[in-house]
file upload11.pdb (PDB, C-alpha atoms and all ligand atoms)
ATOM      1  CA  MET A  16     -77.483  15.113  -3.885
ATOM      2  CA  ARG A  17     -81.119  16.166  -3.912
ATOM      3  CA  ALA A  18     -83.298  14.771  -6.637
ATOM      4  CA  VAL A  19     -86.898  14.558  -7.771
ATOM      5  CA  ASP A  20     -88.073  11.196  -9.108
ATOM      6  CA  SER A  21     -90.842  10.796 -11.655
ATOM      7  CA  HIS A  22     -91.975   8.246 -14.186
ATOM      8  CA  THR A  23     -93.109   8.878 -17.721
ATOM      9  CA  ALA A  24     -95.397   6.148 -19.047
ATOM     10  CA  GLY A  25     -93.748   3.834 -16.499
ATOM     11  CA  GLU A  26     -90.110   4.728 -17.278
ATOM     12  CA  PRO A  27     -88.349   6.433 -14.346
ATOM     13  CA  THR A  28     -86.389   9.709 -14.405
ATOM     14  CA  ARG A  29     -84.301  11.110 -11.546
ATOM     15  CA  VAL A  30     -83.684  14.867 -11.877
ATOM     16  CA  ILE A  31     -80.670  16.074  -9.871
ATOM     17  CA  ILE A  32     -81.598  19.495  -8.538
ATOM     18  CA  GLU A  33     -78.836  20.119  -5.964
ATOM     19  CA  GLY A  34     -75.413  18.778  -5.041
ATOM     20  CA  GLY A  35     -74.482  17.512  -8.511
ATOM     21  CA  PRO A  36     -70.998  17.849 -10.020
ATOM     22  CA  GLU A  37     -69.515  21.285 -10.688
ATOM     23  CA  LEU A  38     -68.781  21.155 -14.428
ATOM     24  CA  GLY A  39     -67.343  24.643 -14.996
ATOM     25  CA  GLY A  40     -67.815  26.739 -18.148
ATOM     26  CA  GLY A  41     -68.197  25.921 -21.829
ATOM     27  CA  THR A  42     -70.965  24.437 -23.921
ATOM     28  CA  LEU A  43     -73.234  21.644 -22.711
ATOM     29  CA  ARG A  44     -71.297  19.234 -24.963
ATOM     30  CA  GLU A  45     -68.037  20.298 -23.318
ATOM     31  CA  ARG A  46     -69.565  20.013 -19.870
ATOM     32  CA  LEU A  47     -70.906  16.532 -20.721
ATOM     33  CA  GLY A  48     -67.300  15.575 -21.633
ATOM     34  CA  ARG A  49     -66.101  16.888 -18.257
ATOM     35  CA  PHE A  50     -68.912  15.016 -16.462
ATOM     36  CA  ARG A  51     -67.831  11.763 -18.146
ATOM     37  CA  GLU A  52     -64.097  12.275 -17.607
ATOM     38  CA  THR A  53     -63.895  13.823 -14.143
ATOM     39  CA  ALA A  54     -67.176  13.335 -12.292
ATOM     40  CA  ASP A  55     -68.609   9.991 -13.404
ATOM     41  CA  VAL A  56     -68.931   8.881  -9.758
ATOM     42  CA  TYR A  57     -71.938  11.224  -9.476
ATOM     43  CA  ARG A  58     -73.635   9.313 -12.304
ATOM     44  CA  GLN A  59     -72.785   5.975 -10.713
ATOM     45  CA  MET A  60     -74.060   7.007  -7.294
ATOM     46  CA  ALA A  61     -77.328   8.426  -8.641
ATOM     47  CA  ILE A  62     -78.128   5.544 -11.013
ATOM     48  CA  ASN A  63     -76.624   2.295  -9.803
ATOM     49  CA  GLU A  64     -78.186   0.040  -7.185
ATOM     50  CA  PRO A  65     -78.759   0.338  -4.248
ATOM     51  CA  ARG A  66     -79.795   4.005  -4.750
ATOM     52  CA  GLY A  67     -81.085   3.546  -8.293
ATOM     53  CA  SER A  68     -81.839   0.813 -10.799
ATOM     54  CA  GLU A  69     -80.928  -0.224 -14.330
ATOM     55  CA  ALA A  70     -84.194   1.267 -15.612
ATOM     56  CA  LEU A  71     -83.494   4.719 -14.200
ATOM     57  CA  VAL A  72     -82.452   7.666 -16.397
ATOM     58  CA  GLY A  73     -80.771  10.565 -14.622
ATOM     59  CA  ALA A  74     -81.038  14.202 -15.665
ATOM     60  CA  LEU A  75     -78.590  16.755 -14.341
ATOM     61  CA  LEU A  76     -80.084  20.242 -14.405
ATOM     62  CA  CYS A  77     -77.463  22.789 -15.425
ATOM     63  CA  ARG A  78     -76.975  26.200 -17.001
ATOM     64  CA  PRO A  79     -78.299  26.178 -20.601
ATOM     65  CA  ASP A  80     -76.061  27.331 -23.507
ATOM     66  CA  ASP A  81     -78.968  29.447 -24.680
ATOM     67  CA  PRO A  82     -80.129  31.661 -21.775
ATOM     68  CA  SER A  83     -83.690  31.734 -23.143
ATOM     69  CA  CYS A  84     -84.022  28.016 -22.239
ATOM     70  CA  ALA A  85     -85.707  27.032 -18.962
ATOM     71  CA  ALA A  86     -82.766  24.715 -18.178
ATOM     72  CA  GLY A  87     -79.852  22.813 -19.616
ATOM     73  CA  VAL A  88     -79.962  19.071 -19.064
ATOM     74  CA  ILE A  89     -77.486  16.214 -19.362
ATOM     75  CA  PHE A  90     -79.113  12.757 -19.439
ATOM     76  CA  PHE A  91     -77.358   9.631 -18.229
ATOM     77  CA  ASN A  92     -78.070   6.008 -17.342
ATOM     78  CA  ASN A  93     -76.354   2.885 -15.980
ATOM     79  CA  ALA A  94     -74.180   2.604 -19.101
ATOM     80  CA  GLY A  95     -73.115   6.226 -19.557
ATOM     81  CA  TYR A  96     -74.550   9.369 -21.155
ATOM     82  CA  LEU A  97     -77.455   9.931 -23.562
ATOM     83  CA  GLY A  98     -77.619  12.692 -26.172
ATOM     84  CA  MET A  99     -81.330  13.142 -25.609
ATOM     85  CA  CYS A 100     -84.063  11.297 -23.798
ATOM     86  CA  GLY A 101     -87.705  11.774 -24.722
ATOM     87  CA  HIS A 102     -89.368  10.255 -21.667
ATOM     88  CA  GLY A 103     -86.714  12.062 -19.595
ATOM     89  CA  ALA A 104     -87.503  15.456 -21.143
ATOM     90  CA  ILE A 105     -91.185  14.916 -20.298
ATOM     91  CA  GLY A 106     -90.150  13.982 -16.738
ATOM     92  CA  VAL A 107     -87.919  17.080 -16.481
ATOM     93  CA  ALA A 108     -90.815  19.328 -17.589
ATOM     94  CA  VAL A 109     -93.200  17.884 -14.976
ATOM     95  CA  THR A 110     -90.419  18.162 -12.356
ATOM     96  CA  LEU A 111     -89.748  21.826 -13.206
ATOM     97  CA  ALA A 112     -93.494  22.472 -12.865
ATOM     98  CA  HIS A 113     -93.567  20.573  -9.542
ATOM     99  CA  LEU A 114     -90.732  22.855  -8.314
ATOM    100  CA  GLY A 115     -92.684  25.935  -9.458
ATOM    101  CA  ARG A 116     -89.956  26.810 -12.002
ATOM    102  CA  ILE A 117     -92.216  26.715 -15.075
ATOM    103  CA  GLN A 118     -95.911  27.335 -15.702
ATOM    104  CA  PRO A 119     -98.175  25.790 -18.369
ATOM    105  CA  GLY A 120     -97.043  27.036 -21.784
ATOM    106  CA  VAL A 121     -94.091  26.694 -24.133
ATOM    107  CA  HIS A 122     -90.503  26.432 -22.836
ATOM    108  CA  HIS A 123     -87.167  25.115 -24.099
ATOM    109  CA  LEU A 124     -84.565  22.703 -22.758
ATOM    110  CA  ASP A 125     -80.967  22.748 -23.947
ATOM    111  CA  THR A 126     -79.395  19.310 -24.432
ATOM    112  CA  PRO A 127     -75.949  18.322 -25.720
ATOM    113  CA  VAL A 128     -77.563  17.379 -29.074
ATOM    114  CA  GLY A 129     -79.736  20.476 -29.497
ATOM    115  CA  ARG A 130     -82.640  22.515 -28.196
ATOM    116  CA  VAL A 131     -85.917  20.771 -27.394
ATOM    117  CA  GLU A 132     -89.251  22.587 -27.150
ATOM    118  CA  ILE A 133     -91.478  21.543 -24.262
ATOM    119  CA  HIS A 134     -95.186  22.286 -24.077
ATOM    120  CA  LEU A 135     -96.416  21.956 -20.518
ATOM    121  CA  LEU A 136    -100.078  21.168 -21.196
ATOM    122  CA  GLY A 137    -101.175  20.468 -17.603
ATOM    123  CA  THR A 138     -99.736  19.194 -14.322
ATOM    124  CA  ASN A 139     -98.814  15.838 -15.826
ATOM    125  CA  SER A 140     -99.162  16.266 -19.602
ATOM    126  CA  VAL A 141     -96.282  17.386 -21.767
ATOM    127  CA  ALA A 142     -95.544  17.470 -25.480
ATOM    128  CA  ILE A 143     -91.959  17.788 -26.659
ATOM    129  CA  GLU A 144     -90.726  18.899 -30.050
ATOM    130  CA  ASN A 145     -87.612  16.775 -30.340
ATOM    131  CA  VAL A 146     -84.376  17.439 -32.201
ATOM    132  CA  PRO A 147     -84.581  16.967 -36.005
ATOM    133  CA  SER A 148     -84.706  13.250 -36.730
ATOM    134  CA  TYR A 149     -84.002  11.228 -39.860
ATOM    135  CA  ARG A 150     -83.602   7.782 -41.358
ATOM    136  CA  TYR A 151     -79.974   7.149 -42.180
ATOM    137  CA  ARG A 152     -80.171   3.722 -43.906
ATOM    138  CA  THR A 153     -83.014   1.399 -44.837
ATOM    139  CA  GLN A 154     -83.337  -2.392 -45.138
ATOM    140  CA  VAL A 155     -80.003  -3.218 -43.549
ATOM    141  CA  SER A 156     -79.552  -6.973 -43.025
ATOM    142  CA  VAL A 157     -77.400  -8.520 -40.331
ATOM    143  CA  GLU A 158     -76.730 -12.156 -39.382
ATOM    144  CA  VAL A 159     -77.736 -12.645 -35.749
ATOM    145  CA  GLU A 160     -76.843 -15.646 -33.617
ATOM    146  CA  ALA A 161     -79.897 -17.843 -32.929
ATOM    147  CA  LEU A 162     -82.150 -15.512 -34.955
ATOM    148  CA  GLY A 163     -80.744 -15.715 -38.496
ATOM    149  CA  THR A 164     -80.990 -12.746 -40.832
ATOM    150  CA  VAL A 165     -82.572  -9.688 -39.225
ATOM    151  CA  THR A 166     -83.392  -6.674 -41.382
ATOM    152  CA  GLY A 167     -84.024  -3.171 -40.094
ATOM    153  CA  ASP A 168     -83.624   0.557 -40.598
ATOM    154  CA  ILE A 169     -81.069   2.821 -38.930
ATOM    155  CA  ALA A 170     -82.451   6.155 -37.747
ATOM    156  CA  TRP A 171     -81.531   9.076 -35.501
ATOM    157  CA  GLY A 172     -84.099  10.433 -33.029
ATOM    158  CA  GLY A 173     -81.645  12.037 -30.588
ATOM    159  CA  ASN A 174     -79.997   8.610 -30.110
ATOM    160  CA  TRP A 175     -79.148   5.941 -32.716
ATOM    161  CA  PHE A 176     -81.686   3.157 -33.283
ATOM    162  CA  PHE A 177     -81.891  -0.071 -35.285
ATOM    163  CA  LEU A 178     -85.604  -0.523 -35.993
ATOM    164  CA  VAL A 179     -86.948  -3.972 -36.839
ATOM    165  CA  ASN A 180     -90.498  -4.371 -38.110
ATOM    166  CA  GLY A 181     -91.934  -7.781 -37.327
ATOM    167  CA  SER A 182     -90.414  -8.564 -33.943
ATOM    168  CA  PRO A 183     -88.537 -11.908 -33.864
ATOM    169  CA  ILE A 184     -90.195 -12.623 -30.455
ATOM    170  CA  PRO A 185     -93.870 -11.947 -29.585
ATOM    171  CA  LEU A 186     -94.257  -8.462 -28.093
ATOM    172  CA  GLN A 187     -95.729  -9.560 -24.784
ATOM    173  CA  ALA A 188     -94.658  -8.511 -21.290
ATOM    174  CA  THR A 189     -94.164 -12.215 -20.424
ATOM    175  CA  GLN A 190     -91.458 -12.377 -23.121
ATOM    176  CA  ILE A 191     -89.287  -9.505 -21.826
ATOM    177  CA  ARG A 192     -86.343 -11.789 -20.962
ATOM    178  CA  GLN A 193     -86.390 -13.347 -24.461
ATOM    179  CA  LEU A 194     -86.890  -9.941 -26.148
ATOM    180  CA  THR A 195     -83.919  -8.554 -24.210
ATOM    181  CA  ASP A 196     -81.693 -11.476 -25.251
ATOM    182  CA  ALA A 197     -82.756 -11.135 -28.887
ATOM    183  CA  ALA A 198     -82.168  -7.368 -28.926
ATOM    184  CA  GLU A 199     -78.759  -7.841 -27.227
ATOM    185  CA  ALA A 200     -77.860 -10.358 -29.949
ATOM    186  CA  VAL A 201     -78.875  -7.873 -32.678
ATOM    187  CA  ARG A 202     -76.792  -5.145 -31.037
ATOM    188  CA  ALA A 203     -73.761  -7.447 -30.793
ATOM    189  CA  ALA A 204     -74.158  -8.420 -34.462
ATOM    190  CA  LEU A 205     -74.242  -4.750 -35.520
ATOM    191  CA  VAL A 206     -71.013  -4.139 -33.591
ATOM    192  CA  ARG A 207     -69.397  -7.277 -35.038
ATOM    193  CA  GLU A 208     -70.336  -6.287 -38.609
ATOM    194  CA  LYS A 209     -69.308  -2.651 -37.978
ATOM    195  CA  ILE A 210     -72.774  -1.350 -38.865
ATOM    196  CA  THR A 211     -73.084   2.114 -37.325
ATOM    197  CA  GLY A 212     -74.975   5.367 -37.388
ATOM    198  CA  ALA A 213     -73.618   8.387 -39.270
ATOM    199  CA  GLY A 214     -69.978   9.244 -38.562
ATOM    200  CA  GLY A 215     -69.320   5.741 -37.212
ATOM    201  CA  GLU A 216     -71.452   6.338 -34.125
ATOM    202  CA  GLU A 217     -72.525   3.220 -32.254
ATOM    203  CA  ILE A 218     -76.144   2.105 -32.615
ATOM    204  CA  ASP A 219     -76.874   1.614 -28.937
ATOM    205  CA  HIS A 220     -80.676   1.257 -28.976
ATOM    206  CA  ILE A 221     -82.520  -1.668 -30.624
ATOM    207  CA  GLU A 222     -86.230  -1.420 -31.308
ATOM    208  CA  PHE A 223     -88.662  -4.198 -32.306
ATOM    209  CA  PHE A 224     -92.168  -3.409 -33.595
ATOM    210  CA  GLY A 225     -95.383  -5.389 -33.872
ATOM    211  CA  PRO A 226     -99.148  -5.059 -33.646
ATOM    212  CA  PRO A 227    -100.543  -3.063 -30.694
ATOM    213  CA  GLY A 228    -102.528  -4.551 -27.830
ATOM    214  CA  SER A 229    -104.881  -1.584 -27.642
ATOM    215  CA  PRO A 230    -107.285  -0.754 -30.490
ATOM    216  CA  THR A 231    -106.398   2.947 -30.032
ATOM    217  CA  ALA A 232    -102.674   2.435 -30.827
ATOM    218  CA  HIS A 233    -100.940   1.976 -34.194
ATOM    219  CA  SER A 234     -98.059  -0.194 -33.042
ATOM    220  CA  ARG A 235     -96.337  -1.729 -29.996
ATOM    221  CA  ASN A 236     -92.592  -1.629 -29.472
ATOM    222  CA  PHE A 237     -89.856  -3.115 -27.347
ATOM    223  CA  VAL A 238     -86.783  -0.921 -26.872
ATOM    224  CA  LEU A 239     -83.462  -2.142 -25.524
ATOM    225  CA  CYS A 240     -81.481   0.685 -23.896
ATOM    226  CA  PRO A 241     -77.650   0.830 -23.859
ATOM    227  CA  GLY A 242     -77.223  -0.562 -20.320
ATOM    228  CA  GLY A 243     -79.326  -3.676 -21.000
ATOM    229  CA  ALA A 244     -82.603  -2.410 -19.521
ATOM    230  CA  TYR A 245     -85.770  -2.230 -21.600
ATOM    231  CA  ASP A 246     -87.704   1.008 -21.893
ATOM    232  CA  ARG A 247     -90.959   0.828 -19.944
ATOM    233  CA  SER A 248     -92.247   3.797 -21.972
ATOM    234  CA  PRO A 249     -92.625   3.760 -25.785
ATOM    235  CA  CYS A 250     -89.287   5.684 -25.836
ATOM    236  CA  GLY A 251     -89.403   9.300 -26.985
ATOM    237  CA  THR A 252     -86.255   9.188 -29.098
ATOM    238  CA  GLY A 253     -87.222   5.718 -30.387
ATOM    239  CA  THR A 254     -90.674   6.957 -31.401
ATOM    240  CA  SER A 255     -88.958   9.918 -33.099
ATOM    241  CA  ALA A 256     -86.765   7.488 -35.067
ATOM    242  CA  LYS A 257     -89.903   5.494 -35.985
ATOM    243  CA  LEU A 258     -91.655   8.655 -37.243
ATOM    244  CA  ALA A 259     -88.594   9.443 -39.388
ATOM    245  CA  CYS A 260     -88.859   5.982 -41.002
ATOM    246  CA  LEU A 261     -92.623   6.259 -41.514
ATOM    247  CA  ALA A 262     -92.137   9.703 -43.102
ATOM    248  CA  ALA A 263     -89.327   8.410 -45.348
ATOM    249  CA  ASP A 264     -91.603   5.555 -46.513
ATOM    250  CA  ASN A 265     -94.462   8.006 -47.103
ATOM    251  CA  LYS A 266     -96.587   6.016 -44.623
ATOM    252  CA  LEU A 267     -97.325   8.962 -42.291
ATOM    253  CA  GLN A 268     -97.993  12.527 -43.388
ATOM    254  CA  PRO A 269     -96.999  15.689 -41.479
ATOM    255  CA  GLY A 270     -99.523  16.376 -38.695
ATOM    256  CA  GLU A 271    -100.993  12.859 -38.812
ATOM    257  CA  THR A 272    -101.190  11.103 -35.425
ATOM    258  CA  TRP A 273     -99.206   7.956 -34.569
ATOM    259  CA  ILE A 274     -99.951   6.291 -31.232
ATOM    260  CA  GLN A 275     -96.999   4.229 -30.075
ATOM    261  CA  GLU A 276     -97.577   1.645 -27.362
ATOM    262  CA  SER A 277     -94.802   0.290 -25.131
ATOM    263  CA  ILE A 278     -94.188  -3.302 -24.086
ATOM    264  CA  ILE A 279     -96.061  -2.546 -20.817
ATOM    265  CA  GLY A 280     -98.998  -0.991 -22.717
ATOM    266  CA  SER A 281     -98.334   2.694 -21.951
ATOM    267  CA  GLN A 282     -98.677   5.148 -24.837
ATOM    268  CA  PHE A 283     -97.175   8.239 -26.477
ATOM    269  CA  THR A 284     -99.121  10.252 -29.032
ATOM    270  CA  ALA A 285     -96.791  11.356 -31.797
ATOM    271  CA  SER A 286     -96.760  13.382 -35.014
ATOM    272  CA  TYR A 287     -94.214  15.372 -36.983
ATOM    273  CA  ARG A 288     -93.625  18.410 -39.129
ATOM    274  CA  ALA A 289     -91.167  18.610 -41.980
ATOM    275  CA  ALA A 290     -87.749  20.141 -41.310
ATOM    276  CA  PRO A 291     -85.018  21.272 -43.729
ATOM    277  CA  SER A 292     -82.816  18.745 -45.579
ATOM    278  CA  GLY A 293     -85.364  15.938 -45.452
ATOM    279  CA  ARG A 294     -85.430  15.686 -41.668
ATOM    280  CA  ILE A 295     -88.517  15.824 -39.489
ATOM    281  CA  VAL A 296     -89.304  17.520 -36.180
ATOM    282  CA  PRO A 297     -91.139  14.921 -34.052
ATOM    283  CA  ARG A 298     -93.775  15.911 -31.514
ATOM    284  CA  ILE A 299     -94.191  13.396 -28.683
ATOM    285  CA  GLU A 300     -96.920  13.788 -26.088
ATOM    286  CA  GLY A 301     -97.053  11.820 -22.851
ATOM    287  CA  GLN A 302     -97.754  11.920 -19.134
ATOM    288  CA  ALA A 303     -95.287  11.970 -16.245
ATOM    289  CA  TYR A 304     -95.993  11.715 -12.516
ATOM    290  CA  ILE A 305     -93.819  12.760  -9.588
ATOM    291  CA  CYS A 306     -93.094   9.782  -7.346
ATOM    292  CA  GLY A 307     -90.462  10.969  -4.906
ATOM    293  CA  GLU A 308     -88.217  13.673  -3.534
ATOM    294  CA  VAL A 309     -84.980  12.090  -2.423
ATOM    295  CA  VAL A 310     -81.733  13.003  -0.715
ATOM    296  CA  LEU A 311     -78.970  10.606  -1.796
ATOM    297  CA  LEU A 312     -76.421  10.035   0.941
ATOM    298  CA  GLN A 313     -72.991   8.399   1.207
ATOM    299  CA  GLN A 314     -72.003   7.205   4.693
ATOM    300  CA  SER A 315     -68.320   6.803   5.360
ATOM    301  CA  GLY A 316     -67.229   3.190   5.128
ATOM    302  CA  ASP A 317     -69.964   2.230   2.650
ATOM    303  CA  PRO A 318     -68.285  -0.192   0.210
ATOM    304  CA  PHE A 319     -71.009   0.602  -2.338
ATOM    305  CA  SER A 320     -71.016   4.371  -1.924
ATOM    306  CA  HIS A 321     -70.769   4.683  -5.728
ATOM    307  CA  GLY A 322     -73.287   1.925  -6.275
ATOM    308  CA  ILE A 323     -72.901  -1.583  -7.654
ATOM    309  CA  ASP A 324     -71.674  -1.912 -11.229
ATOM    310  CA  LEU A 325     -71.584  -5.599 -12.116
ATOM    311  CA  ARG A 326     -69.960  -4.810 -15.461
ATOM    312  CA  GLU A 327     -66.905  -3.667 -13.483
ATOM    313  CA  THR A 328     -66.729  -6.824 -11.387
ATOM    314  CA  ALA A 329     -67.611  -9.331 -14.154
TER     315      ALA A 329
HETATM  316  O1  LIG A 401     -87.521   8.153 -24.045
HETATM  317  O2  LIG A 401     -85.926   8.707 -25.432
HETATM  318  C1  LIG A 401     -86.355   8.045 -24.488
HETATM  319  C2  LIG A 401     -85.456   7.083 -23.829
HETATM  320  C3  LIG A 401     -84.184   6.755 -24.171
HETATM  321  C4  LIG A 401     -83.741   5.792 -23.252
HETATM  322  C5  LIG A 401     -84.772   5.571 -22.357
HETATM  323  N1  LIG A 401     -85.813   6.373 -22.719
END
call {"tool": "encode", "arguments": {"input": "upload11.pdb", "output": "structure tokens"}}
result
Amino acid sequence: MRAVDSHTAGEPTRVIIEGGPELGGGTLRERLGRFRETADVYRQMAINEPRGSEALVGALLCRPDDPSCAAGVIFFNNAGYLGMCGHGAIGVAVTLAHLGRIQPGVHHLDTPVGRVEIHLLGTNSVAIENVPSYRYRTQVSVEVEALGTVTGDIAWGGNWFFLVNGSPIPLQATQIRQLTDAAEAVRAALVREKITGAGGEEIDHIEFFGPPGSPTAHSRNFVLCPGGAYDRSPCGTGTSAKLACLAADNKLQPGETWIQESIIGSQFTASYRAAPSGRIVPRIEGQAYICGEVVLLQQSGDPFSHGIDLRETA
């Protein structure tokens, strides 16, 4: 497989540009199902160590459902598949520009959860207009081992999030191990108490908020991703979910700027416009940088040709 690696605000993206799985016809959703059921070894090889890492998000470029889109894209990580990925979409845009496939201006990406508008603003700067986002439930309390009662909102930003204001652990990079454990405990408690997103969908991202480190930001977050890694970026879909909550609480008006800082101090600049049925369309702006062009190889006899998955051997 040939791939281009980039990072968006510190969070890596690996875009598969050649040699990926042949997924046949049908919609992107159908092809994602085929990827999961018949070709998951491609995901494992591209993402797992020793070729990848738990922080990496993969993006398979494929034929869009809507031919006016610049590309279709299926996002995946060490745990499985993502409906959308904000930092990943920014990385895909910068990668397409690096490959000479798009020029500065407005383009679209098709994803399994809807069409995303991308504004290529310069070599490294991109704004995305994400899928319509909304708060599903507010002030949901859950009993969490070692933390007690934790209260948060449930919102959709292209993935499902549980958003906790007032992080139970200080939002400092030195506390990442403790933040990860706390967020894992919250996720386990949500599963145990059968608290889900709409339609019974699993809430697989946990997000803690607190005061920013930089005077230019409005808030700092810590985001736990489904495979146990934390998001190095402020998380595009997580920031979209946050905007939906701020809008629902009347704390941020359409067009007003929200600067979200990540646990490593990187930033996204966000705003929203109103969408039908009480949803919002988030706009997330950030920077991505190309950091590699790789050919992923499998030598015969390699016992880890599909990568190491400790969850399988545990
Ligand atoms: O930026 O939306 C995002 C994201 C999801 C998981 C990792 N990054």
call {"tool": "resolve_selection", "arguments": {"input": "upload11.pdb", "expression": "the PyMOL selection byres (((not hetatm)) within 6 of (chain A and resi 401))", "output": "ChimeraX atom specification"}}
result
/A:100-103,240,246,250-253
call {"tool": "residues_near_point", "arguments": {"input": "upload11.pdb", "point": "(-78.1, 16.1, -5.5)", "cutoff": "8 Å", "atoms": "all atoms listed in the file", "output": "JSON, numbers by chain"}}
result
{"A": [16, 17, 18, 31, 32, 33, 34, 35, 310, 311]}
call {"tool": "write_last_selection", "arguments": {"input": "upload11.pdb", "atoms": "C-alpha atoms", "output": "mmCIF file, keeping the file's coordinate frame"}}
result
data_model
loop_
_atom_site.group_PDB
_atom_site.id
_atom_site.type_symbol
_atom_site.label_atom_id
_atom_site.label_comp_id
_atom_site.auth_asym_id
_atom_site.auth_seq_id
_atom_site.Cartn_x
_atom_site.Cartn_y
_atom_site.Cartn_z
ATOM 1 C CA MET A 16 -77.483 15.113 -3.885
ATOM 2 C CA ARG A 17 -81.119 16.166 -3.912
ATOM 3 C CA ALA A 18 -83.298 14.771 -6.637
ATOM 4 C CA ILE A 31 -80.670 16.074 -9.871
ATOM 5 C CA ILE A 32 -81.598 19.495 -8.538
ATOM 6 C CA GLU A 33 -78.836 20.119 -5.964
ATOM 7 C CA GLY A 34 -75.413 18.778 -5.041
ATOM 8 C CA GLY A 35 -74.482 17.512 -8.511
ATOM 9 C CA VAL A 310 -81.733 13.003 -0.715
ATOM 10 C CA LEU A 311 -78.970 10.606 -1.796
#
call {"tool": "closest_residue", "arguments": {"input": "upload11.pdb", "among": "A:Phe319, A:Tyr151, A:Tyr96, A:Phe177", "to": "Ala204 of chain A", "atoms": "all atoms listed in the file"}}
result
A:Phe177
call {"tool": "residues_around", "arguments": {"input": "upload11.pdb", "residues": "segment 180-190 of chain A", "least_positions_apart": "5", "cutoff": "7 Å", "atoms": "all atoms listed in the file", "output": "list in words"}}
result
Gly167, Phe223, Phe224, Gly225, Phe237, Ile278 and Ile279 of chain A
call {"tool": "write_last_selection", "arguments": {"input": "upload11.pdb", "atoms": "C-alpha atoms", "output": "CSV table (one decimal), keeping the file's coordinate frame"}}
result
chain,number,residue,atom,x,y,z
A,167,GLY,CA,-84.0,-3.2,-40.1
A,223,PHE,CA,-88.7,-4.2,-32.3
A,224,PHE,CA,-92.2,-3.4,-33.6
A,225,GLY,CA,-95.4,-5.4,-33.9
A,237,PHE,CA,-89.9,-3.1,-27.3
A,278,ILE,CA,-94.2,-3.3,-24.1
A,279,ILE,CA,-96.1,-2.5,-20.8
call {"tool": "resolve_selection", "arguments": {"input": "upload11.pdb", "expression": "the PyMOL selection byres (((chain A and resi 44-46) around 10) and not hetatm)", "output": "list in words"}}
result
Glu37, Leu38, Gly39, Gly40, Gly41, Thr42, Leu43, Leu47, Gly48, Arg49, Phe50, Arg51, Glu52, Cys77, Asp80, Ile89, Gly98, Thr126, Pro127, Val128 and Gly129 of chain A
call {"tool": "residues_near_point", "arguments": {"input": "upload11.pdb", "point": "(-87.7, 8.5, -1.5)", "cutoff": "12 Å", "atoms": "only C-alpha atoms", "output": "ChimeraX atom specification"}}
result
/A:17-21,29,66-67,305-312
call {"tool": "closest_residue", "arguments": {"input": "upload11.pdb", "among": "A:Asn139, A:Gln118, A:Thr254, A:Gln193", "to": "Phe176 of chain A", "atoms": "all atoms listed in the file"}}
result
A:Thr254
call {"tool": "resolve_selection", "arguments": {"input": "upload11.pdb", "expression": "the PyMOL selection byres (((chain A and resi 88) around 7) and not hetatm)", "output": "ChimeraX atom specification"}}
result
/A:74-77,86-87,89-90,124-126
call {"tool": "write_last_selection", "arguments": {"input": "upload11.pdb", "atoms": "C-alpha atoms", "output": "CSV table (one decimal), in the frame of the given file"}}
result
chain,number,residue,atom,x,y,z
A,74,ALA,CA,-81.0,14.2,-15.7
A,75,LEU,CA,-78.6,16.8,-14.3
A,76,LEU,CA,-80.1,20.2,-14.4
A,77,CYS,CA,-77.5,22.8,-15.4
A,86,ALA,CA,-82.8,24.7,-18.2
A,87,GLY,CA,-79.9,22.8,-19.6
A,89,ILE,CA,-77.5,16.2,-19.4
A,90,PHE,CA,-79.1,12.8,-19.4
A,124,LEU,CA,-84.6,22.7,-22.8
A,125,ASP,CA,-81.0,22.7,-23.9
A,126,THR,CA,-79.4,19.3,-24.4
call {"tool": "atom_distance", "arguments": {"input": "upload11.pdb", "atom1": "atom CA of Val109 of chain A", "atom2": "atom CA of Trp175 of chain A"}}
result
25.6 Å
call {"tool": "residues_around", "arguments": {"input": "upload11.pdb", "residues": "Glu64 of chain A", "least_positions_apart": "3", "cutoff": "6 Å", "atoms": "all atoms listed in the file", "output": "number ranges by chain"}}
result
A: 67-68, 322-323
call {"tool": "write_last_selection", "arguments": {"input": "upload11.pdb", "atoms": "C-alpha atoms", "output": "PDB file, in the coordinates of the input"}}
result
ATOM      1  CA  GLY A  67     -81.085   3.546  -8.293  1.00  0.00           C
ATOM      2  CA  SER A  68     -81.839   0.813 -10.799  1.00  0.00           C
ATOM      3  CA  GLY A 322     -73.287   1.925  -6.275  1.00  0.00           C
ATOM      4  CA  ILE A 323     -72.901  -1.583  -7.654  1.00  0.00           C
TER       5      ILE A 323
END
call {"tool": "atom_distance", "arguments": {"input": "upload11.pdb", "atom1": "atom CA of Val30 of chain A", "atom2": "atom CA of Ser83 of chain A"}}
result
20.3 Å
call {"tool": "closest_residue", "arguments": {"input": "upload11.pdb", "among": "A:Ala170, A:Glu271, A:Ser320, A:Val121", "to": "Glu217 of chain A", "atoms": "only C-alpha atoms"}}
result
A:Ala170
call {"tool": "closest_residue", "arguments": {"input": "upload11.pdb", "among": "A:Asn92, A:Arg130, A:Leu136, A:Val165", "to": "Ala61 of chain A", "atoms": "all atoms listed in the file"}}
result
A:Asn92
call {"tool": "atom_distance", "arguments": {"input": "upload11.pdb", "atom1": "atom CA of Ala108 of chain A", "atom2": "atom CA of Ile143 of chain A"}}
result
9.3 Å
call {"tool": "closest_residue", "arguments": {"input": "upload11.pdb", "among": "A:Val157, A:Glu222, A:Gln302, A:Ala54", "to": "Lys209 of chain A", "atoms": "only C-alpha atoms"}}
result
A:Val157
call {"tool": "decode", "arguments": {"input": "upload11.pdb", "residues": "segment 306-313 of chain A", "atoms": "C-alpha atoms", "output": "compact mmCIF listing (two decimals), in the first residue's frame"}}
result
# COMPACT_ATOMS: atom_id res chain seq x y z
CA CYS A 306 5.27 14.30 7.20
CA GLY A 307 5.87 11.27 5.02
CA GLU A 308 5.23 9.30 1.86
CA VAL A 309 5.34 5.63 2.70
CA VAL A 310 5.14 2.25 1.01
CA LEU A 311 3.84 -0.36 3.47
CA LEU A 312 5.29 -3.79 2.80
CA GLN A 313 4.61 -7.34 4.00
